[in-house]
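Source file coords07.pdb; content: PDB, C-alpha atoms and all ligand atoms.
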```pdb
ATOM      1  CA  MET P   6      30.494 156.973  42.726  1.00  0.00           C
ATOM      2  CA  VAL P   7      30.808 160.660  41.917  1.00  0.00           C
ATOM      3  CA  GLU P   8      28.111 162.495  43.832  1.00  0.00           C
ATOM      4  CA  THR P   9      27.920 166.161  43.022  1.00  0.00           C
ATOM      5  CA  ASN P  10      24.267 167.082  42.805  1.00  0.00           C
ATOM      6  CA  ALA P  11      22.556 164.990  45.422  1.00  0.00           C
ATOM      7  CA  GLU P  12      20.052 167.502  46.733  1.00  0.00           C
ATOM      8  CA  SER P  13      16.461 166.341  46.616  1.00  0.00           C
ATOM      9  CA  SER P  14      14.085 167.808  44.072  1.00  0.00           C
ATOM     10  CA  PRO P  15      10.310 167.973  44.080  1.00  0.00           C
ATOM     11  CA  LEU P  16      10.327 166.969  40.407  1.00  0.00           C
ATOM     12  CA  PRO P  17       9.983 163.324  39.277  1.00  0.00           C
ATOM     13  CA  SER P  18      13.381 161.700  39.167  1.00  0.00           C
ATOM     14  CA  LEU P  19      15.103 159.888  36.343  1.00  0.00           C
ATOM     15  CA  ALA P  20      17.906 157.348  36.464  1.00  0.00           C
ATOM     16  CA  VAL P  21      19.626 157.379  33.094  1.00  0.00           C
ATOM     17  CA  LEU P  22      21.573 154.278  32.050  1.00  0.00           C
ATOM     18  CA  ILE P  23      24.265 154.614  29.418  1.00  0.00           C
ATOM     19  CA  SER P  24      27.069 152.587  27.877  1.00  0.00           C
ATOM     20  CA  GLY P  25      28.899 155.070  25.673  1.00  0.00           C
ATOM     21  CA  ARG P  26      28.739 158.522  24.157  1.00  0.00           C
ATOM     22  CA  GLY P  27      25.662 159.652  26.093  1.00  0.00           C
ATOM     23  CA  SER P  28      24.288 162.195  23.627  1.00  0.00           C
ATOM     24  CA  ASN P  29      20.682 161.245  24.443  1.00  0.00           C
ATOM     25  CA  MET P  30      21.425 161.513  28.173  1.00  0.00           C
ATOM     26  CA  MET P  31      22.879 164.995  27.618  1.00  0.00           C
ATOM     27  CA  ALA P  32      19.872 166.099  25.572  1.00  0.00           C
ATOM     28  CA  ILE P  33      17.599 164.980  28.422  1.00  0.00           C
ATOM     29  CA  ALA P  34      19.797 166.717  31.001  1.00  0.00           C
ATOM     30  CA  ASP P  35      19.707 169.941  28.968  1.00  0.00           C
ATOM     31  CA  ALA P  36      15.920 169.735  28.640  1.00  0.00           C
ATOM     32  CA  CYS P  37      15.607 169.301  32.434  1.00  0.00           C
ATOM     33  CA  GLU P  38      17.960 172.219  32.978  1.00  0.00           C
ATOM     34  CA  ARG P  39      16.038 174.612  30.752  1.00  0.00           C
ATOM     35  CA  GLY P  40      12.721 173.511  32.267  1.00  0.00           C
ATOM     36  CA  GLU P  41      11.377 171.929  29.078  1.00  0.00           C
ATOM     37  CA  LEU P  42      11.202 168.588  30.845  1.00  0.00           C
ATOM     38  CA  PRO P  43       9.667 168.728  34.332  1.00  0.00           C
ATOM     39  CA  ALA P  44      12.004 166.123  35.809  1.00  0.00           C
ATOM     40  CA  HIS P  45      15.466 165.852  37.266  1.00  0.00           C
ATOM     41  CA  ILE P  46      18.229 163.356  36.681  1.00  0.00           C
ATOM     42  CA  ALA P  47      18.968 161.786  40.044  1.00  0.00           C
ATOM     43  CA  LEU P  48      21.599 159.420  38.750  1.00  0.00           C
ATOM     44  CA  VAL P  49      23.512 158.391  35.642  1.00  0.00           C
ATOM     45  CA  ILE P  50      24.767 154.808  35.649  1.00  0.00           C
ATOM     46  CA  SER P  51      27.174 153.338  33.118  1.00  0.00           C
ATOM     47  CA  ASN P  52      28.027 149.676  32.753  1.00  0.00           C
ATOM     48  CA  ARG P  53      31.303 150.759  31.162  1.00  0.00           C
ATOM     49  CA  PRO P  54      33.880 152.661  33.234  1.00  0.00           C
ATOM     50  CA  ASP P  55      35.264 154.327  30.087  1.00  0.00           C
ATOM     51  CA  ALA P  56      31.931 155.604  28.734  1.00  0.00           C
ATOM     52  CA  LYS P  57      32.403 159.137  27.360  1.00  0.00           C
ATOM     53  CA  GLY P  58      28.966 160.060  28.615  1.00  0.00           C
ATOM     54  CA  LEU P  59      30.155 159.717  32.224  1.00  0.00           C
ATOM     55  CA  GLU P  60      32.551 162.631  31.786  1.00  0.00           C
ATOM     56  CA  HIS P  61      29.830 164.756  30.193  1.00  0.00           C
ATOM     57  CA  ALA P  62      27.452 163.946  33.052  1.00  0.00           C
ATOM     58  CA  GLN P  63      30.078 164.803  35.658  1.00  0.00           C
ATOM     59  CA  ASP P  64      30.866 168.082  33.872  1.00  0.00           C
ATOM     60  CA  LYS P  65      27.183 168.888  34.217  1.00  0.00           C
ATOM     61  CA  GLY P  66      27.288 168.152  37.945  1.00  0.00           C
ATOM     62  CA  LEU P  67      25.172 165.003  37.752  1.00  0.00           C
ATOM     63  CA  THR P  68      25.632 162.119  40.153  1.00  0.00           C
ATOM     64  CA  THR P  69      27.255 159.218  38.324  1.00  0.00           C
ATOM     65  CA  ASP P  70      27.961 155.616  39.146  1.00  0.00           C
ATOM     66  CA  VAL P  71      29.647 152.742  37.342  1.00  0.00           C
ATOM     67  CA  ILE P  72      28.425 149.184  37.601  1.00  0.00           C
ATOM     68  CA  ASP P  73      30.928 147.380  35.429  1.00  0.00           C
ATOM     69  CA  HIS P  74      29.248 144.338  33.915  1.00  0.00           C
ATOM     70  CA  LYS P  75      32.647 142.651  33.563  1.00  0.00           C
ATOM     71  CA  ALA P  76      32.900 142.477  37.352  1.00  0.00           C
ATOM     72  CA  TYR P  77      29.877 140.160  37.566  1.00  0.00           C
ATOM     73  CA  ALA P  78      29.933 136.461  36.783  1.00  0.00           C
ATOM     74  CA  SER P  79      26.437 136.405  35.312  1.00  0.00           C
ATOM     75  CA  ARG P  80      23.773 138.613  33.833  1.00  0.00           C
ATOM     76  CA  GLN P  81      21.622 137.914  36.923  1.00  0.00           C
ATOM     77  CA  LEU P  82      24.328 139.144  39.305  1.00  0.00           C
ATOM     78  CA  PHE P  83      24.889 142.310  37.270  1.00  0.00           C
ATOM     79  CA  ASP P  84      21.163 143.004  37.190  1.00  0.00           C
ATOM     80  CA  GLN P  85      20.949 142.427  40.946  1.00  0.00           C
ATOM     81  CA  ALA P  86      23.661 145.056  41.511  1.00  0.00           C
ATOM     82  CA  LEU P  87      21.814 147.433  39.193  1.00  0.00           C
ATOM     83  CA  HIS P  88      18.565 146.740  41.000  1.00  0.00           C
ATOM     84  CA  ASP P  89      20.153 147.396  44.412  1.00  0.00           C
ATOM     85  CA  ARG P  90      21.591 150.699  43.226  1.00  0.00           C
ATOM     86  CA  LEU P  91      18.282 151.783  41.705  1.00  0.00           C
ATOM     87  CA  CYS P  92      16.412 150.833  44.892  1.00  0.00           C
ATOM     88  CA  LYS P  93      18.534 153.418  46.713  1.00  0.00           C
ATOM     89  CA  ALA P  94      17.750 156.103  44.124  1.00  0.00           C
ATOM     90  CA  GLN P  95      14.052 155.176  43.697  1.00  0.00           C
ATOM     91  CA  PRO P  96      13.636 156.855  40.293  1.00  0.00           C
ATOM     92  CA  ARG P  97      10.205 157.328  38.768  1.00  0.00           C
ATOM     93  CA  TRP P  98      11.641 156.380  35.373  1.00  0.00           C
ATOM     94  CA  ILE P  99      14.653 154.335  34.399  1.00  0.00           C
ATOM     95  CA  VAL P 100      15.785 155.729  31.086  1.00  0.00           C
ATOM     96  CA  LEU P 101      17.878 153.487  28.838  1.00  0.00           C
ATOM     97  CA  ALA P 102      19.803 155.938  26.683  1.00  0.00           C
ATOM     98  CA  GLY P 103      22.208 153.879  24.631  1.00  0.00           C
ATOM     99  CA  PHE P 104      22.474 151.241  27.366  1.00  0.00           C
ATOM    100  CA  MET P 105      23.842 148.246  25.502  1.00  0.00           C
ATOM    101  CA  ARG P 106      22.912 145.448  27.897  1.00  0.00           C
ATOM    102  CA  ILE P 107      19.995 143.098  27.654  1.00  0.00           C
ATOM    103  CA  LEU P 108      18.161 143.116  30.978  1.00  0.00           C
ATOM    104  CA  THR P 109      16.878 139.887  32.493  1.00  0.00           C
ATOM    105  CA  PRO P 110      13.099 139.329  32.668  1.00  0.00           C
ATOM    106  CA  GLU P 111      13.438 139.277  36.480  1.00  0.00           C
ATOM    107  CA  PHE P 112      14.899 142.782  36.480  1.00  0.00           C
ATOM    108  CA  VAL P 113      12.364 144.110  33.986  1.00  0.00           C
ATOM    109  CA  ASN P 114       9.459 142.652  35.957  1.00  0.00           C
ATOM    110  CA  GLN P 115      10.731 144.251  39.179  1.00  0.00           C
ATOM    111  CA  TRP P 116      10.572 147.661  37.471  1.00  0.00           C
ATOM    112  CA  GLU P 117       7.541 146.936  35.328  1.00  0.00           C
ATOM    113  CA  GLY P 118       6.177 149.977  33.496  1.00  0.00           C
ATOM    114  CA  LYS P 119       9.033 152.172  34.719  1.00  0.00           C
ATOM    115  CA  ILE P 120      11.714 151.525  32.110  1.00  0.00           C
ATOM    116  CA  LEU P 121      11.924 153.465  28.854  1.00  0.00           C
ATOM    117  CA  ASN P 122      14.286 152.673  25.989  1.00  0.00           C
ATOM    118  CA  ILE P 123      15.210 154.442  22.778  1.00  0.00           C
ATOM    119  CA  HIS P 124      15.737 152.150  19.814  1.00  0.00           C
ATOM    120  CA  PRO P 125      17.032 153.392  16.459  1.00  0.00           C
ATOM    121  CA  SER P 126      14.374 151.880  14.185  1.00  0.00           C
ATOM    122  CA  LEU P 127      10.697 152.166  13.467  1.00  0.00           C
ATOM    123  CA  LEU P 128       9.634 149.346  15.775  1.00  0.00           C
ATOM    124  CA  PRO P 129       8.328 146.705  15.352  1.00  0.00           C
ATOM    125  CA  LYS P 130      10.692 146.778  12.372  1.00  0.00           C
ATOM    126  CA  HIS P 131      14.315 145.852  13.039  1.00  0.00           C
ATOM    127  CA  PRO P 132      14.646 144.999  16.728  1.00  0.00           C
ATOM    128  CA  GLY P 133      18.155 144.193  17.977  1.00  0.00           C
ATOM    129  CA  LEU P 134      21.452 145.474  16.583  1.00  0.00           C
ATOM    130  CA  ASP P 135      22.525 146.957  13.211  1.00  0.00           C
ATOM    131  CA  THR P 136      19.184 148.635  12.624  1.00  0.00           C
ATOM    132  CA  HIS P 137      20.358 151.109   9.975  1.00  0.00           C
ATOM    133  CA  LYS P 138      22.083 148.395   7.942  1.00  0.00           C
ATOM    134  CA  LYS P 139      18.913 146.311   8.179  1.00  0.00           C
ATOM    135  CA  ALA P 140      16.735 149.230   7.037  1.00  0.00           C
ATOM    136  CA  ILE P 141      18.951 149.834   3.975  1.00  0.00           C
ATOM    137  CA  GLU P 142      19.212 146.151   3.099  1.00  0.00           C
ATOM    138  CA  SER P 143      15.441 145.733   3.381  1.00  0.00           C
ATOM    139  CA  GLY P 144      14.901 148.558   0.874  1.00  0.00           C
ATOM    140  CA  ASP P 145      12.984 150.637   3.447  1.00  0.00           C
ATOM    141  CA  THR P 146      12.157 154.134   2.232  1.00  0.00           C
ATOM    142  CA  GLU P 147      11.833 155.394   5.795  1.00  0.00           C
ATOM    143  CA  ALA P 148      13.831 154.782   8.941  1.00  0.00           C
ATOM    144  CA  GLY P 149      13.706 156.381  12.355  1.00  0.00           C
ATOM    145  CA  ALA P 150      13.687 155.797  16.067  1.00  0.00           C
ATOM    146  CA  SER P 151      11.203 154.655  18.689  1.00  0.00           C
ATOM    147  CA  VAL P 152      10.876 155.211  22.411  1.00  0.00           C
ATOM    148  CA  HIS P 153       9.103 152.337  24.101  1.00  0.00           C
ATOM    149  CA  ILE P 154       8.333 150.880  27.480  1.00  0.00           C
ATOM    150  CA  VAL P 155      10.656 147.983  28.200  1.00  0.00           C
ATOM    151  CA  THR P 156       9.085 144.554  28.599  1.00  0.00           C
ATOM    152  CA  PRO P 157      10.893 141.225  28.983  1.00  0.00           C
ATOM    153  CA  GLU P 158      10.838 140.604  25.209  1.00  0.00           C
ATOM    154  CA  LEU P 159      13.626 142.577  23.482  1.00  0.00           C
ATOM    155  CA  ASP P 160      12.490 145.841  21.807  1.00  0.00           C
ATOM    156  CA  ALA P 161       8.868 144.687  21.858  1.00  0.00           C
ATOM    157  CA  GLY P 162       7.181 146.873  24.499  1.00  0.00           C
ATOM    158  CA  PRO P 163       4.506 149.504  23.806  1.00  0.00           C
ATOM    159  CA  VAL P 164       5.788 152.383  21.688  1.00  0.00           C
ATOM    160  CA  ILE P 165       5.328 155.845  23.224  1.00  0.00           C
ATOM    161  CA  ALA P 166       6.612 157.931  20.309  1.00  0.00           C
ATOM    162  CA  GLN P 167       8.477 157.599  17.019  1.00  0.00           C
ATOM    163  CA  VAL P 168      10.321 159.871  14.627  1.00  0.00           C
ATOM    164  CA  ARG P 169      10.773 159.191  10.904  1.00  0.00           C
ATOM    165  CA  VAL P 170      13.501 160.140   8.466  1.00  0.00           C
ATOM    166  CA  PRO P 171      13.735 159.279   4.768  1.00  0.00           C
ATOM    167  CA  VAL P 172      16.277 156.697   3.630  1.00  0.00           C
ATOM    168  CA  LEU P 173      18.273 158.319   0.820  1.00  0.00           C
ATOM    169  CA  ASN P 174      19.549 156.439  -2.250  1.00  0.00           C
ATOM    170  CA  ASP P 175      23.188 156.893  -1.311  1.00  0.00           C
ATOM    171  CA  ASP P 176      22.749 156.286   2.426  1.00  0.00           C
ATOM    172  CA  THR P 177      25.178 154.070   4.281  1.00  0.00           C
ATOM    173  CA  ALA P 178      24.425 152.728   7.749  1.00  0.00           C
ATOM    174  CA  GLU P 179      26.640 155.529   9.037  1.00  0.00           C
ATOM    175  CA  THR P 180      24.974 158.443   7.216  1.00  0.00           C
ATOM    176  CA  LEU P 181      21.519 157.131   8.022  1.00  0.00           C
ATOM    177  CA  GLY P 182      22.523 156.575  11.654  1.00  0.00           C
ATOM    178  CA  LYS P 183      23.710 160.164  11.965  1.00  0.00           C
ATOM    179  CA  ARG P 184      20.470 161.510  10.515  1.00  0.00           C
ATOM    180  CA  VAL P 185      18.403 159.359  12.873  1.00  0.00           C
ATOM    181  CA  LEU P 186      20.494 160.305  15.934  1.00  0.00           C
ATOM    182  CA  ALA P 187      19.935 163.989  15.200  1.00  0.00           C
ATOM    183  CA  LYS P 188      16.210 163.348  15.630  1.00  0.00           C
ATOM    184  CA  GLU P 189      16.475 160.994  18.605  1.00  0.00           C
ATOM    185  CA  HIS P 190      17.254 163.681  21.146  1.00  0.00           C
ATOM    186  CA  GLN P 191      13.999 165.616  20.798  1.00  0.00           C
ATOM    187  CA  LEU P 192      12.082 162.363  20.411  1.00  0.00           C
ATOM    188  CA  PHE P 193      13.308 161.151  23.797  1.00  0.00           C
ATOM    189  CA  ILE P 194      12.407 164.451  25.437  1.00  0.00           C
ATOM    190  CA  ASP P 195       8.940 164.368  23.865  1.00  0.00           C
ATOM    191  CA  ALA P 196       8.364 160.765  24.917  1.00  0.00           C
ATOM    192  CA  LEU P 197       9.394 161.551  28.491  1.00  0.00           C
ATOM    193  CA  LYS P 198       7.007 164.506  28.487  1.00  0.00           C
ATOM    194  CA  ILE P 199       4.199 162.156  27.437  1.00  0.00           C
ATOM    195  CA  CYS P 200       5.081 159.688  30.223  1.00  0.00           C
ATOM    196  CA  LEU P 201       5.302 162.413  32.863  1.00  0.00           C
ATOM    197  CA  SER P 202       2.004 163.977  31.848  1.00  0.00           C
ATOM    198  CA  ARG P 203       0.369 160.535  31.953  1.00  0.00           C
ATOM    199  CA  ASP P 204       1.794 160.175  35.481  1.00  0.00           C
ATOM    200  CA  SER P 205       0.296 163.506  36.527  1.00  0.00           C
ATOM    201  CA  ALA P 206      -3.042 162.509  35.044  1.00  0.00           C
ATOM    202  CA  GLY P 207      -2.837 159.216  36.969  1.00  0.00           C
ATOM    203  CA  ARG P 208      -2.854 157.115  33.771  1.00  0.00           C
TER
HETATM  204  C1  LIG Q 301      21.349 155.700  19.998  1.00  0.00           C
HETATM  205  O1  LIG Q 301      21.363 155.590  18.599  1.00  0.00           O
HETATM  206  C2  LIG Q 301      20.223 154.919  20.595  1.00  0.00           C
HETATM  207  O2  LIG Q 301      19.082 154.873  19.784  1.00  0.00           O
HETATM  208  C3  LIG Q 301      20.812 153.532  20.700  1.00  0.00           C
HETATM  209  O3  LIG Q 301      22.155 153.753  21.068  1.00  0.00           O
HETATM  210  C4  LIG Q 301      22.572 155.037  20.608  1.00  0.00           C
HETATM  211  C5  LIG Q 301      23.079 155.775  21.813  1.00  0.00           C
HETATM  212  O4  LIG Q 301      23.661 157.008  21.499  1.00  0.00           O
HETATM  213  N1  LIG Q 301      20.057 152.731  21.635  1.00  0.00           N
HETATM  214  P1  LIG Q 301      24.075 158.019  22.663  1.00  0.00           P
HETATM  215  O5  LIG Q 301      24.975 157.244  23.612  1.00  0.00           O
HETATM  216  O6  LIG Q 301      22.834 158.492  23.335  1.00  0.00           O
HETATM  217  O7  LIG Q 301      24.819 159.114  21.982  1.00  0.00           O
END
```
The structure given in the file should be rewritten as structure tokens.
Amino acid sequence: MVETNAESSPLPSLAVLISGRGSNMMAIADACERGELPAHIALVISNRPDAKGLEHAQDKGLTTDVIDHKAYASRQLFDQALHDRLCKAQPRWIVLAGFMRILTPEFVNQWEGKILNIHPSLLPKHPGLDTHKKAIESGDTEAGASVHIVTPELDAGPVIAQVRVPVLNDDTAETLGKRVLAKEHQLFIDALKICLSRDSAGR
């Protein structure tokens, strides 16, 4: 574990889970830093030791940890390790920001109503992988991203916020994906703001 910013904060805490690039995590960190988001990132966890986002988080002075899924014999054992680590951090929200692991129902139920995920489609359309390819192949005129509460069923929990982009005639999965990603960052910040203001209002 790299622990560089462990002081306690009066603001609600976030644990951000990543698997790769971490651009959504960085957008959230920046929004916390500039005071747009009244929260602080207590911990960034990656299930991949080589995730680029870990370096970015460390450069920002965030506490990072790696729980390498390959070191665990089963999904249950990995989720137990994740659960134990999160119990120590006690975040208000667990933020899945490009975290490419399916969580077991047991894990999700233990953190019921506290896990948010960003998914690059207009849910309930196109759950799962390859969302941009699916949107193009289905002839969709609009694509986008959704932030939703995580429930045991994959990509099926209540949607907090969505953003839409047009699908262009010459779009490939890559060009569409880039256009959607550019909108995801503010979407995630806005969705977190909604969740935090609901918390303050006791809803
Ligand atoms: C995003 O497109 C997100 O919607 C999906 O995974 C991607 C993660 O990107 N779940 P990044 O790691 O935040 O840059």
Kindly provide, as a PyMOL selection string, the polymer residues lying within 8 Å of (19.3, 141.9, 34.6), counting all atoms listed in the file and using the coordinates exactly as they appear in the file. chain P and resi 80-85+87+107-113
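Selecting all polymer residues at most 6 Å from ligand LIG 301 (chain Q), using only C-alpha atoms and all ligand atoms, gives Gly25, Arg26, Gly27, Ser28, Asn29, Met30, Ala102, Gly103, Ile123, His124, Pro125 and Leu186 of chain P.
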Can you tell me which residues surround Leu197 (chain P) at a distance of at most 10 Å, considering all atoms listed in the file, apart from same-chain residues fewer than 5 positions away, and format the answer as number ranges by chain? P: 19, 33, 42-44, 98, 100, 121, 152, 165-166, 191-192, 202-203
Distance query region 144-150 of chain P at most 12 Å, all atoms listed in the file, self and fewer than 6 positions along chain excluded, as a ChimeraX atom specification: /P:122-132,136-138,160,164-176,178,180-193,196
To verify the selection step, state as an NGL selection string which residues the PyMOL selection byres (((chain P and resi 70) around 6) and not hetatm) yields on this input. :P and (6 or 50 or 69 or 71)
Looking at P:Asp204, P:Asp89, P:Glu41, P:Asp55, which one is nearest to Asp73 (chain P), with distances taken over only C-alpha atoms? P:Asp55
Using all atoms listed in the file, the best pick from P:Ser14, P:Cys92, P:Ile120, P:Ile46 as closest to Ala62 (chain P) would be P:Ile46
Interatomic distance between CA of Lys198 (chain P) and CA of Met31 (chain P)?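 Between these atoms lies a distance of 15.9 Å.
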Could you give me the axis-aligned bounding box of region 56-73 of chain P, with 5 Å of padding per side, as centre plus edge lengths in Å to one decimal, as AutoDock Vina command-line options?
```
--center_x 28.9 --center_y 158.1 --center_z 33.8 --size_x 17.4 --size_y 31.5 --size_z 22.8
```
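The spacing separating CA of Lys119 (chain P) from CA of Arg97 (chain P) amounts to 6.7 Å.
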Could you work out how far CA of Ile23 (chain P) lies from CA of Gly58 (chain P), giving the answer in Å with one decimal?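 Separation of CA of Gly58 (chain P) and CA of Ile23 (chain P): 7.2 Å.
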If we count only C-alpha atoms and set the cut-off at 10 Å, which residues sit around Ala94 (chain P), ignoring sequence neighbours fewer than 4 positions away in its own chain? Please answer as a list in words.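 Answer for this query is Ser18, Leu19, Ala20, Ala47, Leu48, His88, Asp89 and Arg90 of chain P.
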How would you write, as a PyMOL selection string, the residues chosen by the PyMOL selection byres (((chain P and resi 106) around 9) and not hetatm) on this structure? chain P and resi 24+52+74+104-105+107-108
Of the residues P:Ser151, P:Ser205, P:Ser51, P:Gln63, which is the one nearest to Ala34 (chain P), using all atoms listed in the file?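 When distances to Ala34 (chain P) are compared using all atoms listed in the file, the smallest one comes from P:Gln63.
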In terms of only C-alpha atoms, the residue from P:Glu117, P:Glu179, P:Ile72, P:Ala36 at minimal distance from Ala56 (chain P) is P:Ile72
Rank nothing, just name the residue among P:Leu159, P:Ala206, P:Leu201, P:Ile99 nearest to Leu16 (chain P), using only C-alpha atoms.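 Under the stated criterion, the closest residue is P:Leu201.
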For region 184-200 of chain P of the structure just presented, write C-alpha atoms to a file, as an mmCIF file, in the first residue's frame.
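Final output, saved to decode.cif:
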```cif
data_model
loop_
_atom_site.group_PDB
_atom_site.id
_atom_site.type_symbol
_atom_site.label_atom_id
_atom_site.label_comp_id
_atom_site.auth_asym_id
_atom_site.auth_seq_id
_atom_site.Cartn_x
_atom_site.Cartn_y
_atom_site.Cartn_z
ATOM 1 C CA ARG P 184 -16.861 10.866 -27.500
ATOM 2 C CA VAL P 185 -18.725 9.117 -24.685
ATOM 3 C CA LEU P 186 -15.671 9.080 -22.380
ATOM 4 C CA ALA P 187 -15.280 12.833 -22.808
ATOM 5 C CA LYS P 188 -18.745 13.210 -21.283
ATOM 6 C CA GLU P 189 -18.371 10.546 -18.596
ATOM 7 C CA HIS P 190 -16.136 12.595 -16.340
ATOM 8 C CA GLN P 191 -18.618 15.387 -15.628
ATOM 9 C CA LEU P 192 -21.452 12.864 -15.502
ATOM 10 C CA PHE P 193 -19.743 10.974 -12.684
ATOM 11 C CA ILE P 194 -19.109 14.180 -10.758
ATOM 12 C CA ASP P 195 -22.737 15.250 -11.203
ATOM 13 C CA ALA P 196 -24.048 11.853 -10.124
ATOM 14 C CA LEU P 197 -21.864 11.899 -7.013
ATOM 15 C CA LYS P 198 -23.151 15.381 -6.210
ATOM 16 C CA ILE P 199 -26.712 14.046 -6.420
ATOM 17 C CA CYS P 200 -25.864 11.123 -4.103
#
```
